[in-house]
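Student: Got start.pdb for you, PDB, C-alpha atoms:
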```pdb
ATOM      1  CA  GLY M  19     100.036  25.509  82.235
ATOM      2  CA  VAL M  20     100.795  28.141  79.637
ATOM      3  CA  VAL M  21      98.867  30.784  77.727
ATOM      4  CA  LEU M  22      99.573  31.611  74.102
ATOM      5  CA  PHE M  23      99.386  35.107  72.639
ATOM      6  CA  SER M  24      99.592  36.513  69.122
ATOM      7  CA  GLN M  25     103.389  36.656  69.220
ATOM      8  CA  ASN M  26     103.441  32.861  69.675
ATOM      9  CA  ILE M  27     101.334  32.254  66.557
ATOM     10  CA  GLU M  28     102.661  31.817  63.012
ATOM     11  CA  THR M  29     100.843  28.991  61.214
ATOM     12  CA  PRO M  30      98.535  26.135  62.266
ATOM     13  CA  ASP M  31     101.380  23.647  61.834
ATOM     14  CA  GLN M  32     103.758  25.785  63.904
ATOM     15  CA  VAL M  33     101.195  26.116  66.726
ATOM     16  CA  LYS M  34     100.594  22.361  66.707
ATOM     17  CA  LYS M  35     104.335  21.659  66.927
ATOM     18  CA  LEU M  36     104.738  24.258  69.696
ATOM     19  CA  CYS M  37     101.956  22.716  71.789
ATOM     20  CA  ALA M  38     103.308  19.218  71.218
ATOM     21  CA  ALA M  39     106.784  20.349  72.291
ATOM     22  CA  ILE M  40     105.352  21.949  75.443
ATOM     23  CA  GLN M  41     103.539  18.743  76.402
ATOM     24  CA  GLU M  42     106.565  16.588  75.586
ATOM     25  CA  TYR M  43     108.761  18.756  77.804
ATOM     26  CA  ALA M  44     106.259  18.359  80.638
ATOM     27  CA  ARG M  45     106.340  14.584  80.181
ATOM     28  CA  THR M  46     110.151  14.522  80.337
ATOM     29  CA  LYS M  47     109.900  16.329  83.688
ATOM     30  CA  HIS M  48     107.340  13.770  84.946
ATOM     31  CA  GLN M  49     104.558  16.352  84.988
ATOM     32  CA  PRO M  50     100.897  15.728  84.108
ATOM     33  CA  PRO M  51      99.525  17.076  80.804
ATOM     34  CA  LEU M  52      99.518  20.858  80.883
ATOM     35  CA  ILE M  53      96.717  23.329  80.313
ATOM     36  CA  ILE M  54      97.473  25.259  77.128
ATOM     37  CA  ALA M  55      95.158  28.253  76.946
ATOM     38  CA  ILE M  56      94.402  31.000  74.445
ATOM     39  CA  ASP M  57      91.941  33.903  74.060
ATOM     40  CA  GLN M  58      89.731  32.962  71.118
ATOM     41  CA  GLU M  59      86.507  34.915  71.676
ATOM     42  CA  GLY M  60      86.117  36.022  68.074
ATOM     43  CA  GLY M  61      85.895  39.644  67.029
ATOM     44  CA  GLN M  62      88.256  42.014  68.822
ATOM     45  CA  VAL M  63      89.948  39.291  70.869
ATOM     46  CA  ALA M  64      91.102  36.382  68.740
ATOM     47  CA  ARG M  65      94.745  35.338  68.843
ATOM     48  CA  LEU M  66      94.331  32.858  65.989
ATOM     49  CA  LYS M  67      93.873  34.577  62.618
ATOM     50  CA  GLU M  68      93.479  33.164  59.112
ATOM     51  CA  PRO M  69      93.736  30.379  58.056
ATOM     52  CA  PHE M  70      91.932  29.677  61.357
ATOM     53  CA  THR M  71      88.240  30.602  61.141
ATOM     54  CA  GLU M  72      87.645  34.238  62.063
ATOM     55  CA  PHE M  73      84.307  35.137  63.667
ATOM     56  CA  PRO M  74      82.862  38.662  63.991
ATOM     57  CA  GLY M  75      82.446  38.391  67.779
ATOM     58  CA  ASN M  76      79.734  37.911  70.374
ATOM     59  CA  PRO M  77      77.615  41.004  69.541
ATOM     60  CA  ALA M  78      77.102  39.615  66.027
ATOM     61  CA  MET M  79      75.538  36.364  67.261
ATOM     62  CA  LYS M  80      71.839  36.367  66.410
ATOM     63  CA  ASP M  81      70.741  33.097  67.974
ATOM     64  CA  VAL M  82      71.776  29.824  69.607
ATOM     65  CA  ASN M  83      72.748  28.339  66.238
ATOM     66  CA  ASP M  84      75.414  31.025  65.841
ATOM     67  CA  ALA M  85      76.779  30.164  69.286
ATOM     68  CA  VAL M  86      76.854  26.438  68.488
ATOM     69  CA  HIS M  87      78.630  27.048  65.177
ATOM     70  CA  PHE M  88      81.244  29.247  66.823
ATOM     71  CA  ALA M  89      81.878  26.811  69.671
ATOM     72  CA  GLU M  90      82.060  23.665  67.553
ATOM     73  CA  THR M  91      84.275  25.230  64.889
ATOM     74  CA  THR M  92      86.575  26.810  67.461
ATOM     75  CA  ALA M  93      86.791  23.617  69.512
ATOM     76  CA  ALA M  94      87.786  21.597  66.451
ATOM     77  CA  GLU M  95      90.499  24.060  65.467
ATOM     78  CA  LEU M  96      91.885  24.413  68.983
ATOM     79  CA  SER M  97      91.983  20.640  69.450
ATOM     80  CA  GLN M  98      93.771  20.185  66.142
ATOM     81  CA  ALA M  99      96.365  22.742  67.251
ATOM     82  CA  GLY M 100      96.890  21.077  70.637
ATOM     83  CA  ILE M 101      95.204  23.827  72.682
ATOM     84  CA  ASN M 102      92.855  22.565  75.404
ATOM     85  CA  MET M 103      91.482  25.729  77.070
ATOM     86  CA  ASN M 104      89.707  28.719  75.554
ATOM     87  CA  LEU M 105      89.668  31.851  77.711
ATOM     88  CA  ALA M 106      86.095  32.490  76.614
ATOM     89  CA  PRO M 107      83.219  33.230  76.566
ATOM     90  CA  VAL M 108      82.744  36.770  77.822
ATOM     91  CA  MET M 109      79.828  36.679  80.273
ATOM     92  CA  ASP M 110      79.792  40.400  81.037
ATOM     93  CA  VAL M 111      76.526  42.235  80.449
ATOM     94  CA  ALA M 112      76.876  45.572  78.611
ATOM     95  CA  PRO M 113      73.949  47.842  79.572
ATOM     96  CA  LEU M 114      72.188  50.077  77.092
ATOM     97  CA  GLY M 115      72.662  53.803  77.520
ATOM     98  CA  MET M 116      76.265  53.787  78.736
ATOM     99  CA  THR M 117      79.727  53.513  77.252
ATOM    100  CA  SER M 118      80.595  50.005  78.361
ATOM    101  CA  ILE M 119      84.157  48.776  77.969
ATOM    102  CA  MET M 120      82.606  45.457  76.887
ATOM    103  CA  ALA M 121      80.144  46.824  74.315
ATOM    104  CA  GLU M 122      82.093  45.267  71.414
ATOM    105  CA  ARG M 123      82.754  41.959  73.206
ATOM    106  CA  ALA M 124      79.581  41.116  75.156
ATOM    107  CA  PHE M 125      76.635  39.094  73.865
ATOM    108  CA  GLY M 126      74.328  41.963  74.786
ATOM    109  CA  HIS M 127      72.560  43.946  77.502
ATOM    110  CA  ASP M 128      70.076  41.338  78.765
ATOM    111  CA  PRO M 129      71.584  39.068  81.462
ATOM    112  CA  GLU M 130      69.376  36.123  80.491
ATOM    113  CA  TRP M 131      70.323  36.444  76.818
ATOM    114  CA  VAL M 132      74.011  36.648  77.742
ATOM    115  CA  ALA M 133      73.586  33.565  79.924
ATOM    116  CA  LYS M 134      71.766  31.651  77.175
ATOM    117  CA  LEU M 135      74.351  32.249  74.452
ATOM    118  CA  GLY M 136      77.291  31.980  76.831
ATOM    119  CA  LEU M 137      76.103  28.658  78.231
ATOM    120  CA  THR M 138      75.640  27.372  74.691
ATOM    121  CA  VAL M 139      79.250  28.237  73.895
ATOM    122  CA  ILE M 140      80.477  26.681  77.143
ATOM    123  CA  THR M 141      78.486  23.494  76.641
ATOM    124  CA  HIS M 142      79.674  22.915  73.086
ATOM    125  CA  LEU M 143      83.295  23.794  73.806
ATOM    126  CA  GLN M 144      83.391  21.389  76.734
ATOM    127  CA  GLN M 145      81.508  18.635  74.910
ATOM    128  CA  HIS M 146      84.363  18.782  72.402
ATOM    129  CA  HIS M 147      87.035  18.597  75.120
ATOM    130  CA  ILE M 148      87.978  22.285  75.244
ATOM    131  CA  MET M 149      87.837  23.794  78.729
ATOM    132  CA  ALA M 150      85.820  27.027  78.737
ATOM    133  CA  VAL M 151      86.491  30.028  80.972
ATOM    134  CA  ALA M 152      83.724  32.504  81.815
ATOM    135  CA  LYS M 153      84.955  36.069  82.224
ATOM    136  CA  HIS M 154      85.256  38.665  83.792
ATOM    137  CA  PHE M 155      83.771  37.781  87.209
ATOM    138  CA  PRO M 156      81.868  39.433  88.824
ATOM    139  CA  GLY M 157      81.207  41.468  85.678
ATOM    140  CA  ILE M 158      82.795  44.539  84.099
ATOM    141  CA  GLY M 159      79.998  45.478  81.710
ATOM    142  CA  ARG M 160      79.088  48.507  83.807
ATOM    143  CA  THR M 161      82.595  49.963  83.702
ATOM    144  CA  ALA M 162      83.997  52.293  81.049
ATOM    145  CA  ALA M 163      87.724  52.358  81.824
ATOM    146  CA  ASP M 164      90.177  49.834  80.383
ATOM    147  CA  SER M 165      91.412  47.812  83.366
ATOM    148  CA  HIS M 166      94.606  46.912  81.489
ATOM    149  CA  ILE M 167      95.580  50.583  81.836
ATOM    150  CA  GLU M 168      93.861  51.815  85.020
ATOM    151  CA  LEU M 169      91.859  50.383  87.922
ATOM    152  CA  PRO M 170      88.125  51.035  87.415
ATOM    153  CA  ALA M 171      85.803  51.363  90.399
ATOM    154  CA  CYS M 172      82.304  49.947  90.090
ATOM    155  CA  GLU M 173      79.920  51.845  92.370
ATOM    156  CA  TYR M 174      77.281  49.143  92.722
ATOM    157  CA  SER M 175      76.034  47.197  95.701
ATOM    158  CA  LEU M 176      76.049  43.437  96.051
ATOM    159  CA  SER M 177      72.296  43.367  95.469
ATOM    160  CA  ASP M 178      72.818  45.331  92.228
ATOM    161  CA  LEU M 179      75.367  42.790  91.053
ATOM    162  CA  LYS M 180      73.221  39.806  91.990
ATOM    163  CA  SER M 181      70.204  41.185  90.124
ATOM    164  CA  TYR M 182      72.143  41.875  86.905
ATOM    165  CA  ASP M 183      75.866  41.228  86.418
ATOM    166  CA  LEU M 184      76.080  37.947  88.301
ATOM    167  CA  ILE M 185      73.151  36.197  86.608
ATOM    168  CA  PRO M 186      75.238  34.748  83.736
ATOM    169  CA  PHE M 187      78.022  33.679  86.095
ATOM    170  CA  ALA M 188      75.577  31.948  88.430
ATOM    171  CA  GLN M 189      74.285  29.900  85.533
ATOM    172  CA  CYS M 190      77.803  29.103  84.306
ATOM    173  CA  ILE M 191      78.793  27.792  87.726
ATOM    174  CA  ALA M 192      75.614  25.724  87.922
ATOM    175  CA  GLN M 193      76.543  24.157  84.560
ATOM    176  CA  GLN M 194      80.093  23.421  85.737
ATOM    177  CA  VAL M 195      82.103  25.736  83.532
ATOM    178  CA  ALA M 196      85.746  24.652  83.720
ATOM    179  CA  GLY M 197      87.078  28.039  84.824
ATOM    180  CA  ILE M 198      86.252  31.575  85.889
ATOM    181  CA  MET M 199      88.466  34.566  85.069
ATOM    182  CA  LEU M 200      88.441  37.390  87.593
ATOM    183  CA  SER M 201      88.175  41.056  86.678
ATOM    184  CA  HIS M 202      90.531  43.893  87.616
ATOM    185  CA  VAL M 203      87.849  46.093  89.177
ATOM    186  CA  MET M 204      87.331  47.578  92.636
ATOM    187  CA  TYR M 205      83.895  47.393  94.285
ATOM    188  CA  PRO M 206      84.144  49.965  97.097
ATOM    189  CA  GLU M 207      80.494  49.543  98.151
ATOM    190  CA  ILE M 208      80.940  45.841  98.934
ATOM    191  CA  ASP M 209      82.299  44.351 102.139
ATOM    192  CA  PRO M 210      85.824  42.900 101.624
ATOM    193  CA  LYS M 211      84.588  39.527 102.895
ATOM    194  CA  TRP M 212      81.957  39.188 100.187
ATOM    195  CA  PRO M 213      83.673  36.863  97.625
ATOM    196  CA  ALA M 214      83.567  33.700  99.763
ATOM    197  CA  SER M 215      79.975  34.161 100.870
ATOM    198  CA  LEU M 216      78.901  35.189  97.373
ATOM    199  CA  SER M 217      80.479  32.105  95.838
ATOM    200  CA  ARG M 218      78.436  29.941  98.174
ATOM    201  CA  GLN M 219      75.253  31.836  97.302
ATOM    202  CA  ILE M 220      75.917  31.499  93.558
ATOM    203  CA  ALA M 221      76.699  27.810  93.841
ATOM    204  CA  HIS M 222      73.333  27.230  95.517
ATOM    205  CA  ARG M 223      71.349  29.577  93.261
TER
END
```
In C-alpha cells, what does this structure look like?
Tutor:
Amino acid sequence: GVVLFSQNIETPDQVKKLCAAIQEYARTKHQPPLIIAIDQEGGQVARLKEPFTEFPGNPAMKDVNDAVHFAETTAAELSQAGINMNLAPVMDVAPLGMTSIMAERAFGHDPEWVAKLGLTVITHLQQHHIMAVAKHFPGIGRTAADSHIELPACEYSLSDLKSYDLIPFAQCIAQQVAGIMLSHVMYPEIDPKWPASLSRQIAHR
C-alpha cells in the first residue's frame, strides 16, 4: 500500500485521480487492490484541507454525536477520493497535571471516555468501508517528548499500562479495529518479551 501526505494533496479531483492511477497501476502488475492510507484525525493532524471538511480535533468532541459526525463525514470524503484507510483515531490517554505530547490530539484524560469516543469513530469509519487504525500502541499520552525528534522513555510498569493506557486499545482490539499503529517509545521497566504475551492478554480481555 501507500500513504499520502500533504505534499501529495492539491484538490479533491487531483487526489481522486491519483488514487485511481495508483490502483490501476497495481492492476496492471497483477496485484490486489492496494491500501491507500492518510492521517485524517482532524485538528493538528489532517492532511486534507478545505474544500474537504476540517474538524477542530478530538479534544473538541463533546459527545458521541460529535464522533459519529466526524467519522461519517470523513469516511464519505475519503471514499470519494479513493482513500480506504484512515490512520486514526488517536487512542492515547493524556493525563491531567502533566505536559502530554498528545494533549492537543487525544480525546481526553479518562481511558473509558477515550475508548468510548474512539470506538465510535472506529465503528462508523469501518461501517462506511474505511479501515481505521488505532494509535499509538501501547500509548504515548504519558510522554512529553516528540518521538519524531527524539526517543522518549516511559517509566511505567506493565501493570500501570494495563490499568490506564491500554484500556482503549484493549477495547479497540475486541471490536476488531482494522489496524494498530505502534509508538516510538521505550519502556525500560518492561521485560523485552512482553509484547507477545500482552497481545494475548488484551485479546482475551
Student: One decimal, in Å: what's the spacing between atom CA of Leu176 of chain M and atom CA of Asn76 of chain M?
Tutor: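 Atom CA of Asn76 of chain M lies at a distance of 26.5 Å from atom CA of Leu176 of chain M.
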Student: Applying 8 Å and all atoms listed in the file, which residues near segment 184-187 of chain M remain after dropping the ones on its own chain fewer than 6 positions away? List them as a ChimeraX atom specification.
Tutor: /M:109-110,129-130,132-133,136,152,155-157
Student: Would you write out, as a tab-separated table, a table of all residues in segment 96-175 of chain M that have an atom no more than 12 Å from an atom of segment 65-72 of chain M, listing for each the closest atom pair and the distance in Å to one decimal, considering all atoms listed in the file and ordering rows by chain and rising residue number?
Tutor:
```
residue	atom	partner	partner_atom	distance
M:Leu96	CA	M:Phe70	CA	9.3
M:Gln98	CA	M:Phe70	CA	10.8
M:Ala99	CA	M:Phe70	CA	10.1
M:Ile101	CA	M:Leu66	CA	11.3
M:Asn104	CA	M:Arg65	CA	10.7
M:Leu105	CA	M:Arg65	CA	10.8
M:Ala106	CA	M:Arg65	CA	12.0
```
Student: For a quick check of understanding, using only C-alpha atoms, which of M:Gln49, M:Ala150, M:Thr29, M:Arg123 has the smallest distance to Phe73 of chain M?
Tutor: M:Arg123
Student: Please put the answer as lines of an AutoDock Vina configuration file: centre and edge lengths, in Å with one decimal, of a box along x, y and z that encloses all listed atoms of segment 104-108 of chain M plus 4 Å on each side.
Tutor:
```
center_x = 86.2
center_y = 32.7
center_z = 76.7
size_x = 15.0
size_y = 16.1
size_z = 10.3
```
Student: Looking at M:Ala162, M:Ile27, M:Val33, M:Ile56, which one is nearest to Gly115 of chain M, with distances taken over all atoms listed in the file?
Tutor: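 Comparing M:Ala162, M:Ile27, M:Val33, M:Ile56 against Gly115 of chain M, the winner is M:Ala162.
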Student: Let me make sure I understand: among M:Ile167, M:Val111, M:Ile198, M:Val21, which one has the smallest atom-to-atom distance to Trp131 of chain M if we use only C-alpha atoms?
Tutor: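 Ranked by minimum distance to Trp131 of chain M, first place goes to M:Val111.
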Student: Figure out the distance between atom CA of His146 of chain M and atom CA of Asp128 of chain M, please, to one decimal in Å.
Tutor: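 Separation of atom CA of Asp128 of chain M and atom CA of His146 of chain M: 27.4 Å.
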Student: Provide the atom CA of Ile53 of chain M to atom CA of Gly19 of chain M distance in Å, to one decimal place.
Tutor: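 Interatomic distance here is 4.4 Å.
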Student: Please list as a list in words every residue within 12 Å of segment 82-84 of chain M, counting only C-alpha atoms and excluding residues in the same chain fewer than 2 positions away.
Tutor: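 Final neighbour list, sorted by chain and number: Phe73, Pro74, Gly75, Asn76, Pro77, Ala78, Met79, Lys80, Val86, His87, Phe88, Ala89, Glu90, Thr91, Phe125, Trp131, Val132, Ala133, Lys134, Leu135, Gly136, Leu137, Thr138, Val139, Ile140, Thr141 and His142 of chain M.
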Student: Would you mind telling me which residue in M:Glu173, M:Glu95, M:Asp183, M:Glu59 lies nearest to His147 of chain M when using all atoms listed in the file?
Tutor: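 Smallest separation from His147 of chain M among the options: M:Glu95.
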